[in-house]
>>> print(open('entry.txt').read())   # compact mmCIF, C-alpha atoms and all ligand atoms
# COMPACT_ATOMS: atom_id res chain seq x y z
CA MET A 175 -29.24 7.02 -3.57
CA SER A 176 -32.72 7.32 -2.09
CA LEU A 177 -33.55 9.35 1.00
CA ARG A 178 -34.51 6.10 2.73
CA THR A 179 -31.06 4.71 2.10
CA LEU A 180 -29.43 7.93 3.21
CA THR A 181 -31.27 8.07 6.52
CA ALA A 182 -30.37 4.45 7.18
CA LEU A 183 -26.69 5.26 6.81
CA PRO A 184 -24.39 6.27 9.65
CA LEU A 185 -24.21 10.04 10.10
CA THR A 186 -20.77 10.67 8.66
CA MET A 187 -21.49 8.56 5.63
CA ALA A 188 -24.74 10.39 4.96
CA LEU A 189 -22.98 13.75 5.29
CA LEU A 190 -20.29 12.65 2.90
CA ALA A 191 -22.84 11.44 0.39
CA THR A 192 -24.46 14.87 0.55
CA ALA A 193 -21.11 16.66 0.29
CA ALA A 194 -20.22 14.62 -2.76
CA CYS A 195 -23.29 16.00 -4.54
CA GLN A 196 -22.23 19.59 -3.88
CA GLN A 197 -18.89 19.66 -5.66
CA PRO A 198 -17.87 22.62 -7.78
CA GLU A 199 -17.58 22.07 -11.50
CA GLN A 200 -14.08 21.65 -12.93
CA PRO A 201 -14.83 22.60 -16.53
CA ASP A 202 -11.44 21.80 -18.04
CA ASN A 203 -10.68 18.75 -15.99
CA LYS A 204 -13.83 16.71 -15.83
CA ALA A 205 -13.86 13.09 -14.86
CA GLN A 206 -14.95 10.70 -17.58
CA PRO A 207 -18.58 9.58 -17.30
CA ALA A 208 -18.67 6.96 -14.56
CA LYS A 209 -18.99 3.36 -15.71
CA GLU A 210 -21.71 1.27 -14.17
CA SER A 211 -20.32 0.44 -10.73
CA ARG A 212 -20.38 -3.18 -9.67
CA ARG A 213 -21.97 -2.26 -6.36
CA ASP A 214 -24.69 0.14 -5.29
CA ALA A 215 -23.38 3.32 -3.62
CA SER A 216 -25.12 2.32 -0.39
CA GLU A 217 -22.85 -0.72 -0.11
CA TYR A 218 -19.72 1.37 0.41
CA LEU A 219 -18.76 2.48 3.90
CA SER A 220 -18.22 6.06 2.66
CA GLN A 221 -18.73 8.06 -0.50
CA PRO A 222 -16.20 9.77 -2.81
CA LEU A 223 -15.13 13.19 -1.54
CA VAL A 224 -15.13 14.58 -5.08
CA LYS A 225 -16.66 13.40 -8.34
CA ASP A 226 -15.40 15.97 -10.84
CA ILE A 227 -11.87 14.64 -11.05
CA TYR A 228 -10.36 11.27 -10.18
CA THR A 229 -8.12 11.29 -7.12
CA ALA A 230 -6.10 8.71 -5.16
CA ASP A 231 -3.37 8.33 -2.52
CA PRO A 232 -4.81 11.01 -0.21
CA SER A 233 -2.34 12.62 2.23
CA ALA A 234 -4.42 14.65 4.68
CA HIS A 235 -3.24 17.44 6.97
CA VAL A 236 -4.93 19.90 9.30
CA TRP A 237 -3.63 23.44 9.09
CA ASN A 238 -5.33 26.32 10.93
CA GLY A 239 -8.25 24.02 11.74
CA LYS A 240 -8.95 23.32 8.06
CA ILE A 241 -8.45 19.96 6.35
CA TYR A 242 -6.25 19.78 3.25
CA VAL A 243 -5.92 16.65 1.15
CA TYR A 244 -2.97 16.11 -1.17
CA PRO A 245 -3.95 13.31 -3.58
CA SER A 246 -2.67 11.95 -6.88
CA HIS A 247 -4.75 13.18 -9.83
CA ASP A 248 -5.70 10.10 -11.86
CA ILE A 249 -6.21 10.42 -15.62
CA ASP A 250 -7.33 8.00 -18.29
CA GLY A 251 -4.17 7.43 -20.34
CA PRO A 252 -3.47 5.07 -23.24
CA THR A 253 -1.06 2.66 -21.49
CA ALA A 254 -2.24 -0.88 -20.74
CA GLU A 255 -2.25 -2.09 -17.14
CA ASP A 256 0.87 -3.92 -16.00
CA ASP A 257 2.60 -4.93 -12.77
CA LEU A 258 4.80 -1.82 -12.89
CA GLY A 259 1.84 0.56 -12.69
CA SER A 260 2.64 2.01 -16.13
CA HIS A 261 -1.08 2.82 -16.41
CA PHE A 262 -0.76 5.43 -13.64
CA GLU A 263 0.16 8.25 -16.03
CA MET A 264 -0.60 11.25 -13.85
CA ARG A 265 0.77 14.60 -15.02
CA ASP A 266 -0.32 17.14 -12.42
CA TYR A 267 -1.82 17.71 -8.99
CA HIS A 268 -5.02 19.35 -7.72
CA PHE A 269 -5.54 19.62 -3.99
CA LEU A 270 -8.70 19.49 -1.88
CA SER A 271 -9.76 21.51 1.14
CA MET A 272 -12.69 21.44 3.51
CA ASP A 273 -13.67 23.30 6.67
CA LYS A 274 -15.04 20.15 8.23
CA ILE A 275 -15.32 16.48 7.50
CA GLY A 276 -18.71 15.91 5.92
CA GLY A 277 -18.86 19.49 4.58
CA PRO A 278 -18.37 20.80 1.03
CA VAL A 279 -15.02 20.02 -0.56
CA THR A 280 -13.15 22.58 -2.66
CA VAL A 281 -11.08 21.26 -5.56
CA GLY A 282 -8.13 23.57 -6.22
CA PRO A 283 -6.68 24.51 -9.61
CA VAL A 284 -3.54 22.84 -11.00
CA ALA A 285 -1.04 23.11 -8.15
CA LEU A 286 1.95 21.63 -10.00
CA ASP A 287 2.32 20.31 -13.56
CA VAL A 288 5.04 17.89 -14.66
CA LYS A 289 5.98 20.30 -17.46
CA ASP A 290 7.07 22.80 -14.80
CA VAL A 291 9.41 20.36 -13.06
CA PRO A 292 12.77 20.59 -14.84
CA TRP A 293 14.02 17.11 -13.90
CA ALA A 294 10.75 15.15 -14.21
CA ASP A 295 9.43 13.31 -17.23
CA LYS A 296 6.22 11.52 -16.21
CA GLN A 297 4.13 9.68 -13.62
CA MET A 298 3.48 12.18 -10.84
CA TRP A 299 2.52 9.61 -8.20
CA ALA A 300 1.44 9.85 -4.58
CA PRO A 301 2.46 13.17 -2.96
CA ASP A 302 2.56 14.52 0.57
CA ALA A 303 2.89 18.01 2.05
CA ALA A 304 4.36 19.71 5.11
CA TYR A 305 4.29 23.18 6.65
CA LYS A 306 7.08 25.12 8.31
CA ASN A 307 7.63 28.81 9.08
CA GLY A 308 5.01 30.18 6.68
CA THR A 309 5.88 27.90 3.75
CA TYR A 310 4.05 24.82 2.49
CA PHE A 311 6.22 22.05 1.04
CA LEU A 312 4.94 19.58 -1.53
CA TYR A 313 6.85 16.30 -1.86
CA PHE A 314 6.17 14.25 -4.97
CA PRO A 315 7.64 11.26 -6.83
CA ALA A 316 8.06 11.29 -10.60
CA LYS A 317 10.15 9.43 -13.14
CA ASP A 318 13.20 11.32 -14.37
CA LYS A 319 14.35 11.29 -18.00
CA GLU A 320 16.17 7.95 -17.39
CA GLY A 321 13.00 6.30 -16.10
CA ALA A 322 14.10 6.26 -12.45
CA PHE A 323 11.68 7.44 -9.78
CA ARG A 324 13.03 10.34 -7.72
CA ILE A 325 11.35 12.53 -5.11
CA GLY A 326 11.01 16.23 -5.72
CA VAL A 327 10.04 19.15 -3.51
CA ALA A 328 8.11 22.30 -4.38
CA THR A 329 7.12 25.28 -2.24
CA SER A 330 4.22 27.69 -1.91
CA LYS A 331 2.85 30.26 0.51
CA ASP A 332 -0.65 28.83 -0.09
CA PRO A 333 -1.53 25.27 0.99
CA MET A 334 -3.49 24.82 -2.27
CA GLY A 335 -0.61 26.09 -4.42
CA PRO A 336 0.50 26.82 -7.03
CA PHE A 337 3.81 25.24 -5.99
CA LYS A 338 7.21 26.00 -7.50
CA ALA A 339 9.48 22.99 -7.89
CA GLN A 340 13.16 22.91 -7.01
CA PRO A 341 15.26 22.38 -10.14
CA GLN A 342 16.61 19.00 -8.98
CA PRO A 343 15.08 16.08 -7.08
CA ILE A 344 16.05 15.71 -3.42
CA LYS A 345 19.65 14.48 -3.36
CA GLY A 346 19.81 10.83 -2.35
CA SER A 347 16.08 10.28 -2.97
CA TYR A 348 14.69 7.37 -4.97
CA SER A 349 11.52 5.28 -5.32
CA ILE A 350 8.03 6.61 -4.52
CA ASP A 351 5.37 7.60 -2.00
CA PRO A 352 6.98 10.24 0.24
CA ALA A 353 5.28 10.87 3.58
CA VAL A 354 6.67 13.61 5.80
CA PHE A 355 6.05 13.48 9.53
CA THR A 356 6.95 16.29 11.94
CA ASP A 357 7.55 15.20 15.50
CA ASP A 358 6.66 17.15 18.64
CA ASP A 359 10.22 18.52 18.84
CA GLY A 360 9.89 20.06 15.35
CA ALA A 361 12.16 17.52 13.58
CA SER A 362 10.73 16.23 10.28
CA TYR A 363 11.30 12.83 8.70
CA MET A 364 10.50 11.55 5.24
CA TYR A 365 9.34 7.95 4.88
CA PHE A 366 9.30 6.61 1.34
CA GLY A 367 9.61 3.60 -0.95
CA GLY A 368 7.58 1.10 -2.88
CA ILE A 369 8.44 -2.24 -4.48
CA TRP A 370 7.50 -3.53 -7.98
CA GLY A 371 6.72 -0.40 -10.07
CA GLY A 372 7.95 1.76 -7.19
CA GLN A 373 11.50 0.51 -7.92
CA LEU A 374 12.71 0.09 -4.31
CA GLN A 375 14.25 -3.24 -5.35
CA ARG A 376 16.23 -1.41 -8.02
CA ASN A 377 17.77 0.91 -5.42
CA VAL A 378 18.96 -1.48 -2.72
CA ASP A 379 22.25 0.36 -2.28
CA GLY A 380 20.75 3.79 -3.07
CA LYS A 381 21.89 3.65 -6.73
CA TYR A 382 19.35 2.98 -9.48
CA ASP A 383 19.85 -0.28 -11.39
CA ALA A 384 17.74 -0.06 -14.55
CA ASN A 385 18.15 -3.81 -15.08
CA GLY A 386 17.13 -4.75 -11.55
CA SER A 387 14.18 -6.96 -10.63
CA LYS A 388 10.70 -5.88 -11.71
CA THR A 389 9.11 -7.00 -8.44
CA ASP A 390 11.13 -7.59 -5.27
CA LEU A 391 14.36 -9.28 -4.21
CA GLY A 392 12.95 -12.71 -5.14
CA GLN A 393 14.04 -14.04 -1.73
CA ASP A 394 10.93 -15.15 0.11
CA ASP A 395 12.82 -16.52 3.13
CA LYS A 396 14.93 -13.37 3.64
CA PRO A 397 13.84 -10.09 5.31
CA ALA A 398 11.51 -8.16 3.05
CA LEU A 399 12.65 -4.94 1.41
CA ALA A 400 12.22 -2.17 3.96
CA PRO A 401 10.74 1.28 3.47
CA ARG A 402 13.18 4.13 3.99
CA VAL A 403 13.35 7.07 6.40
CA ALA A 404 15.56 10.16 6.40
CA LYS A 405 15.54 13.22 8.65
CA MET A 406 14.92 16.47 6.77
CA THR A 407 17.14 19.55 6.95
CA GLY A 408 15.83 22.63 8.75
CA ASP A 409 14.81 24.21 5.43
CA MET A 410 12.83 21.03 4.56
CA LEU A 411 14.48 20.79 1.12
CA GLU A 412 17.06 18.02 1.66
CA PHE A 413 17.87 14.91 3.69
CA THR A 414 20.34 15.34 6.55
CA GLU A 415 21.46 11.74 6.13
CA THR A 416 21.59 8.73 3.85
CA PRO A 417 18.13 7.16 4.02
CA ARG A 418 17.92 4.32 6.54
CA ALA A 419 15.91 1.09 6.31
CA VAL A 420 12.75 1.05 8.46
CA GLN A 421 12.59 -2.32 10.20
CA ILE A 422 9.17 -3.97 10.53
CA LEU A 423 9.33 -6.89 12.95
CA ASP A 424 6.97 -9.68 13.93
CA ASP A 425 5.91 -10.25 17.56
CA LYS A 426 9.07 -12.33 18.13
CA GLY A 427 11.31 -9.45 17.05
CA LYS A 428 12.20 -11.01 13.68
CA PRO A 429 11.98 -8.97 10.45
CA LEU A 430 8.94 -9.75 8.29
CA LEU A 431 10.04 -11.93 5.38
CA GLY A 432 9.83 -11.22 1.64
CA GLY A 433 7.38 -14.11 1.20
CA ASP A 434 5.00 -12.79 3.84
CA HIS A 435 2.82 -10.91 1.37
CA ASP A 436 -0.01 -10.49 3.87
CA ARG A 437 2.18 -8.38 6.17
CA ARG A 438 5.32 -7.14 4.43
CA PHE A 439 5.74 -3.56 3.23
CA PHE A 440 4.82 -2.82 -0.39
CA GLU A 441 4.22 0.98 -0.65
CA ALA A 442 2.21 3.92 0.80
CA SER A 443 4.14 4.82 3.97
CA TRP A 444 2.43 6.98 6.58
CA MET A 445 3.48 7.97 10.08
CA HIS A 446 1.35 9.30 12.91
CA LYS A 447 1.78 9.53 16.65
CA TYR A 448 -0.83 8.38 19.14
CA LYS A 449 -0.38 8.53 22.91
CA GLY A 450 3.40 8.86 22.58
CA LYS A 451 3.85 5.86 20.25
CA TYR A 452 4.88 6.01 16.60
CA TYR A 453 2.49 4.27 14.21
CA PHE A 454 4.03 3.37 10.85
CA SER A 455 1.33 2.30 8.37
CA TYR A 456 1.55 1.06 4.81
CA SER A 457 0.00 -0.96 2.00
CA THR A 458 0.76 -4.65 1.49
CA GLY A 459 0.23 -4.10 -2.26
CA ASP A 460 -0.57 -7.38 -3.97
CA THR A 461 -2.58 -8.57 -0.94
CA HIS A 462 -4.33 -5.18 -0.76
CA TYR A 463 -4.30 -4.55 3.00
CA LEU A 464 -3.54 -1.37 4.91
CA ALA A 465 -1.33 -2.56 7.76
CA TYR A 466 0.36 -0.90 10.74
CA ALA A 467 3.27 -1.39 13.08
CA ILE A 468 4.12 0.46 16.32
CA GLY A 469 7.47 1.70 17.63
CA ASP A 470 9.09 3.99 20.19
CA SER A 471 11.16 6.12 17.80
CA PRO A 472 10.48 7.74 14.42
CA TYR A 473 13.29 5.55 13.06
CA GLY A 474 11.72 2.35 14.37
CA PRO A 475 12.00 -0.55 14.70
CA PHE A 476 8.25 -1.09 14.41
CA THR A 477 6.38 -4.19 15.48
CA TYR A 478 3.62 -5.37 13.17
CA LYS A 479 0.23 -5.06 14.89
CA GLY A 480 -2.45 -5.77 12.31
CA ARG A 481 -4.69 -4.35 9.61
CA ILE A 482 -6.22 -0.91 9.46
CA MET A 483 -8.42 -1.71 6.48
CA GLU A 484 -9.48 -4.76 4.50
CA PRO A 485 -9.11 -4.55 0.69
CA VAL A 486 -10.99 -1.80 -1.10
CA GLU A 487 -12.41 -2.10 -4.60
CA GLY A 488 -9.50 -1.63 -7.04
CA TRP A 489 -5.93 -2.96 -6.97
CA THR A 490 -4.21 -0.22 -4.98
CA THR A 491 -4.82 0.85 -1.43
CA HIS A 492 -3.14 3.99 -0.04
CA HIS A 493 -4.14 6.11 2.90
CA SER A 494 -3.33 8.73 5.50
CA ILE A 495 -4.37 9.15 9.12
CA VAL A 496 -5.03 12.50 10.75
CA GLU A 497 -6.64 13.84 13.92
CA TRP A 498 -9.35 16.46 13.52
CA ASN A 499 -11.89 17.77 15.98
CA GLY A 500 -10.95 15.23 18.66
CA LYS A 501 -11.37 12.20 16.39
CA TRP A 502 -9.05 10.25 14.13
CA TRP A 503 -9.76 9.88 10.42
CA LEU A 504 -8.61 7.48 7.74
CA PHE A 505 -8.39 8.92 4.25
CA TYR A 506 -8.27 6.22 1.58
CA ALA A 507 -9.33 5.57 -2.02
CA ASP A 508 -11.19 3.02 -4.07
CA THR A 509 -12.64 2.76 -7.58
CA GLN A 510 -16.34 3.23 -6.81
CA LEU A 511 -16.91 5.88 -9.50
CA SER A 512 -15.12 4.23 -12.42
CA GLY A 513 -14.70 0.54 -11.65
CA GLN A 514 -11.17 0.97 -13.06
CA THR A 515 -7.97 0.67 -11.08
CA ARG A 516 -6.39 3.64 -12.86
CA LEU A 517 -9.31 5.99 -12.04
CA ARG A 518 -9.72 6.18 -8.29
CA ASN A 519 -11.64 8.40 -5.88
CA VAL A 520 -10.65 9.46 -2.37
CA LYS A 521 -12.80 8.90 0.70
CA VAL A 522 -12.68 9.38 4.46
CA THR A 523 -14.00 7.45 7.41
CA GLU A 524 -13.44 7.53 11.15
CA LEU A 525 -10.62 5.44 12.60
CA ARG A 526 -10.95 4.07 16.11
CA TYR A 527 -8.51 2.71 18.66
CA ASN A 528 -8.99 0.07 21.29
CA SER A 529 -7.95 0.90 24.84
CA ASP A 530 -4.62 -0.92 24.33
CA GLY A 531 -3.75 1.39 21.42
CA SER A 532 -4.52 -1.14 18.69
CA ILE A 533 -6.56 0.07 15.72
CA GLN A 534 -10.00 -1.34 14.97
CA THR A 535 -9.89 -2.90 11.51
CA ILE A 536 -12.21 -1.14 9.07
CA ASN A 537 -14.08 -2.90 6.30
CA PRO A 538 -14.74 -0.62 3.33
CA PHE A 539 -18.11 -2.29 2.63
CA VAL A 540 -21.17 -1.84 4.83
CA ALA A 541 -22.49 -5.40 4.53
CA GLU A 542 -19.15 -6.90 5.49
CA ASN A 543 -19.32 -4.92 8.73
CA GLY A 544 -22.45 -6.95 9.58
CA GLY A 545 -24.80 -4.38 8.07
CA GLY A 546 -23.45 -1.46 10.07
CA SER A 547 -20.32 0.65 9.88
CA ALA A 548 -17.26 -0.45 11.81
CA ALA A 549 -15.99 3.09 11.57
CA GLN A 550 -18.93 5.00 12.99
O1 LIG A 601 -0.99 6.26 -7.58
C1 LIG A 601 0.16 5.66 -8.10
C2 LIG A 601 0.71 4.67 -7.15
O2 LIG A 601 -0.27 3.68 -6.90
C3 LIG A 601 1.03 5.22 -5.79
O3 LIG A 601 2.23 5.92 -5.75
C4 LIG A 601 0.98 3.98 -5.01
O4 LIG A 601 0.96 4.18 -3.63
C5 LIG A 601 -0.27 3.35 -5.53
O5 LIG A 601 -1.43 3.89 -4.95
>>> encode(input="entry.txt", output="structure tokens")
Amino acid sequence: MSLRTLTALPLTMALLATAACQQPEQPDNKAQPAKESRRDASEYLSQPLVKDIYTADPSAHVWNGKIYVYPSHDIDGPTAEDDLGSHFEMRDYHFLSMDKIGGPVTVGPVALDVKDVPWADKQMWAPDAAYKNGTYFLYFPAKDKEGAFRIGVATSKDPMGPFKAQPQPIKGSYSIDPAVFTDDDGASYMYFGGIWGGQLQRNVDGKYDANGSKTDLGQDDKPALAPRVAKMTGDMLEFTETPRAVQILDDKGKPLLGGDHDRRFFEASWMHKYKGKYYFSYSTGDTHYLAYAIGDSPYGPFTYKGRIMEPVEGWTTHHSIVEWNGKWWLFYADTQLSGQTRLRNVKVTELRYNSDGSIQTINPFVAENGGGSAAQ
């Protein structure tokens, strides 16, 4: 990227481009040489936060004023791409930290390896983390020895790990993409679930059906499969209740339908609170949008409001939203470095609200924002 291009970019983007050039080496975990990208770096709204390893599904948190990002660690495995995501063969986690957005990013050592999780076999997918009473909790999905996704929990005194896993997955957990939200009263809730390869459709009554559908319920005119939510116990290690369905409604109060692929839930739950309202956000999967819905309770129901982000490069889209330094930030991922869906890189850009609380839709490409950045 030339200096001329850099100076023409919005400030945050230029800072991120600089930060991306300052990453520490990860000698034993280097990313593969990047393939020729289909677009020039200047065409992307923001630049990869790290280039030494591939990362995706970033769950960001601010602890003690510092930003921590809990991503998946993508690796280049042998399995061919399919609709179940079998090509996402991740085996461990490395976490990221930074003192400020736009500053240098530290890539931590291995924080948890699948070989150290007694119940897990493979596919360490999108994680999240929480903090309570001096302990950091890492929540992660993985397939068990029967091939069913479960959600595990691991603990550490250090936000970057290493984390020690509990011997069993969380009782009553299933499917993927845990996101843990702590409300102002201190109560924490886990949102989770994902259809197709995420197996939500194989757990409709909470029991795994290995012969269930590979995609969804196959009922386009019925309510879509809902993400799940469960309140966490005080020690953050279990659910207090059987997970409940999270209702996502249209503006007439009717549940979004299974055939409404532009709006229905697919995976990548996230919850944040803004001006007293609960914002449940998610990926629409095969239509590649990040969407959001607003409600008055952490349990919902939530009314669909629109898109947070248009499709990124790559099949998956998965995000988190966090407030830092008086602004709101969207962490997301695309495939800028590799051009391959299985090898993604995390990014960050500013997220803005309108005065009515709606979110301004972000386009991940500069030109499609009319030559400027919608997020700056
Ligand atoms: O990274 C593996 C899976 O792909 C995640 O769990 C999904 O959210 C999607 O990003």
>>> residues_around(input="entry.txt", residues="Gly427 of chain A", least_positions_apart="4", cutoff="10 Å", atoms="all atoms listed in the file", output="PyMOL selection string")
chain A and resi 421-423+475-478
>>> write_last_selection(input="entry.txt", atoms="C-alpha atoms", output="PDB file, in the coordinates of the input")
ATOM      1  CA  GLN A 421      12.590  -2.320  10.200  1.00  0.00           C
ATOM      2  CA  ILE A 422       9.170  -3.970  10.530  1.00  0.00           C
ATOM      3  CA  LEU A 423       9.330  -6.890  12.950  1.00  0.00           C
ATOM      4  CA  PRO A 475      12.000  -0.550  14.700  1.00  0.00           C
ATOM      5  CA  PHE A 476       8.250  -1.090  14.410  1.00  0.00           C
ATOM      6  CA  THR A 477       6.380  -4.190  15.480  1.00  0.00           C
ATOM      7  CA  TYR A 478       3.620  -5.370  13.170  1.00  0.00           C
TER       8      TYR A 478
END
>>> axis_aligned_box(input="entry.txt", around="ligand LIG 601 (chain A)", padding_each_side="3 Å", output="JSON")
{"center_x": 0.4, "center_y": 4.8, "center_z": -5.9, "size_x": 9.7, "size_y": 8.9, "size_z": 10.5}
>>> residues_near_ligand(input="entry.txt", ligand="ligand LIG 601 (chain A)", cutoff="6 Å", atoms="all atoms listed in the file", output="ChimeraX atom specification")
/A:231,246,262,299-300,350-351,441-442,490-492
>>> closest_residue(input="entry.txt", among="A:Asp379, A:Glu542, A:Glu524, A:Asp460", to="Glu217 of chain A", atoms="only C-alpha atoms")
A:Glu542
>>> atom_distance(input="entry.txt", atom1="atom CA of Ile275 of chain A", atom2="atom CA of Pro232 of chain A")
14.1 Å
>>> closest_residue(input="entry.txt", among="A:Phe366, A:Phe539, A:Thr515, A:Leu223", to="Ala254 of chain A", atoms="all atoms listed in the file")
A:Thr515
>>> residues_around(input="entry.txt", residues="Ile249 of chain A", least_positions_apart="6", cutoff="9 Å", atoms="all atoms listed in the file", output="NGL selection string")
:A and (205-206 or 227-229 or 262-265 or 516-517)
>>> write_last_selection(input="entry.txt", atoms="C-alpha atoms", output="PDB file, keeping the file's coordinate frame")
ATOM      1  CA  ALA A 205     -13.860  13.090 -14.860  1.00  0.00           C
ATOM      2  CA  GLN A 206     -14.950  10.700 -17.580  1.00  0.00           C
ATOM      3  CA  ILE A 227     -11.870  14.640 -11.050  1.00  0.00           C
ATOM      4  CA  TYR A 228     -10.360  11.270 -10.180  1.00  0.00           C
ATOM      5  CA  THR A 229      -8.120  11.290  -7.120  1.00  0.00           C
ATOM      6  CA  PHE A 262      -0.760   5.430 -13.640  1.00  0.00           C
ATOM      7  CA  GLU A 263       0.160   8.250 -16.030  1.00  0.00           C
ATOM      8  CA  MET A 264      -0.600  11.250 -13.850  1.00  0.00           C
ATOM      9  CA  ARG A 265       0.770  14.600 -15.020  1.00  0.00           C
ATOM     10  CA  ARG A 516      -6.390   3.640 -12.860  1.00  0.00           C
ATOM     11  CA  LEU A 517      -9.310   5.990 -12.040  1.00  0.00           C
TER      12      LEU A 517
END
>>> closest_residue(input="entry.txt", among="A:Lys240, A:Lys338, A:Lys449, A:Arg438", to="Gly326 of chain A", atoms="all atoms listed in the file")
A:Lys338
>>> closest_residue(input="entry.txt", among="A:Tyr382, A:Phe269, A:Trp237, A:Phe337", to="Lys317 of chain A", atoms="all atoms listed in the file")
A:Tyr382
>>> closest_residue(input="entry.txt", among="A:Gln534, A:Gln393, A:Gln373, A:Gln514", to="Glu255 of chain A", atoms="all atoms listed in the file")
A:Gln514
>>> residues_around(input="entry.txt", residues="Ala361 of chain A", least_positions_apart="5", cutoff="8 Å", atoms="only C-alpha atoms", output="list in words")
Thr356, Lys405, Met406 and Gly408 of chain A
>>> atom_distance(input="entry.txt", atom1="atom CA of Phe311 of chain A", atom2="atom CA of Pro352 of chain A")
11.9 Å
>>> closest_residue(input="entry.txt", among="A:Phe314, A:Tyr466, A:Tyr305, A:Phe355", to="Asp409 of chain A", atoms="only C-alpha atoms")
A:Tyr305
>>> build_atoms(input="entry.txt", residues="segment 518-532 of chain A", atoms="N, CA and C atoms", output="PDB file, in the coordinates of the input")
ATOM      1  N   ARG A 518      -9.285   6.406  -9.667  1.00  0.00           N
ATOM      2  CA  ARG A 518      -9.720   6.180  -8.290  1.00  0.00           C
ATOM      3  C   ARG A 518     -10.377   7.433  -7.691  1.00  0.00           C
ATOM      4  N   ASN A 519     -11.000   7.265  -6.550  1.00  0.00           N
ATOM      5  CA  ASN A 519     -11.640   8.400  -5.880  1.00  0.00           C
ATOM      6  C   ASN A 519     -11.359   8.313  -4.378  1.00  0.00           C
ATOM      7  N   VAL A 520     -11.020   9.474  -3.786  1.00  0.00           N
ATOM      8  CA  VAL A 520     -10.650   9.460  -2.370  1.00  0.00           C
ATOM      9  C   VAL A 520     -11.880   9.551  -1.470  1.00  0.00           C
ATOM     10  N   LYS A 521     -11.720   8.997  -0.275  1.00  0.00           N
ATOM     11  CA  LYS A 521     -12.800   8.900   0.700  1.00  0.00           C
ATOM     12  C   LYS A 521     -12.236   9.144   2.096  1.00  0.00           C
ATOM     13  N   VAL A 522     -13.133   9.265   3.065  1.00  0.00           N
ATOM     14  CA  VAL A 522     -12.680   9.380   4.460  1.00  0.00           C
ATOM     15  C   VAL A 522     -13.665   8.651   5.357  1.00  0.00           C
ATOM     16  N   THR A 523     -13.147   8.071   6.407  1.00  0.00           N
ATOM     17  CA  THR A 523     -14.000   7.450   7.410  1.00  0.00           C
ATOM     18  C   THR A 523     -13.296   7.556   8.762  1.00  0.00           C
ATOM     19  N   GLU A 524     -14.058   7.415   9.823  1.00  0.00           N
ATOM     20  CA  GLU A 524     -13.440   7.530  11.150  1.00  0.00           C
ATOM     21  C   GLU A 524     -12.599   6.292  11.453  1.00  0.00           C
ATOM     22  N   LEU A 525     -11.490   6.535  12.169  1.00  0.00           N
ATOM     23  CA  LEU A 525     -10.620   5.440  12.600  1.00  0.00           C
ATOM     24  C   LEU A 525     -10.684   5.392  14.128  1.00  0.00           C
ATOM     25  N   ARG A 526     -10.810   4.193  14.654  1.00  0.00           N
ATOM     26  CA  ARG A 526     -10.950   4.070  16.110  1.00  0.00           C
ATOM     27  C   ARG A 526      -9.876   3.166  16.697  1.00  0.00           C
ATOM     28  N   TYR A 527      -9.506   3.500  17.934  1.00  0.00           N
ATOM     29  CA  TYR A 527      -8.510   2.710  18.660  1.00  0.00           C
ATOM     30  C   TYR A 527      -9.201   1.903  19.746  1.00  0.00           C
ATOM     31  N   ASN A 528      -8.603   0.785  20.073  1.00  0.00           N
ATOM     32  CA  ASN A 528      -8.990   0.070  21.290  1.00  0.00           C
ATOM     33  C   ASN A 528      -8.211   0.657  22.462  1.00  0.00           C
ATOM     34  N   SER A 529      -8.595   0.288  23.668  1.00  0.00           N
ATOM     35  CA  SER A 529      -7.950   0.900  24.840  1.00  0.00           C
ATOM     36  C   SER A 529      -6.465   0.549  24.942  1.00  0.00           C
ATOM     37  N   ASP A 530      -6.052  -0.561  24.289  1.00  0.00           N
ATOM     38  CA  ASP A 530      -4.620  -0.920  24.330  1.00  0.00           C
ATOM     39  C   ASP A 530      -3.822  -0.238  23.215  1.00  0.00           C
ATOM     40  N   GLY A 531      -4.453   0.661  22.476  1.00  0.00           N
ATOM     41  CA  GLY A 531      -3.750   1.390  21.420  1.00  0.00           C
ATOM     42  C   GLY A 531      -3.821   0.713  20.060  1.00  0.00           C
ATOM     43  N   SER A 532      -4.381  -0.487  20.008  1.00  0.00           N
ATOM     44  CA  SER A 532      -4.520  -1.140  18.690  1.00  0.00           C
ATOM     45  C   SER A 532      -5.644  -0.445  17.919  1.00  0.00           C
TER      46      SER A 532
END
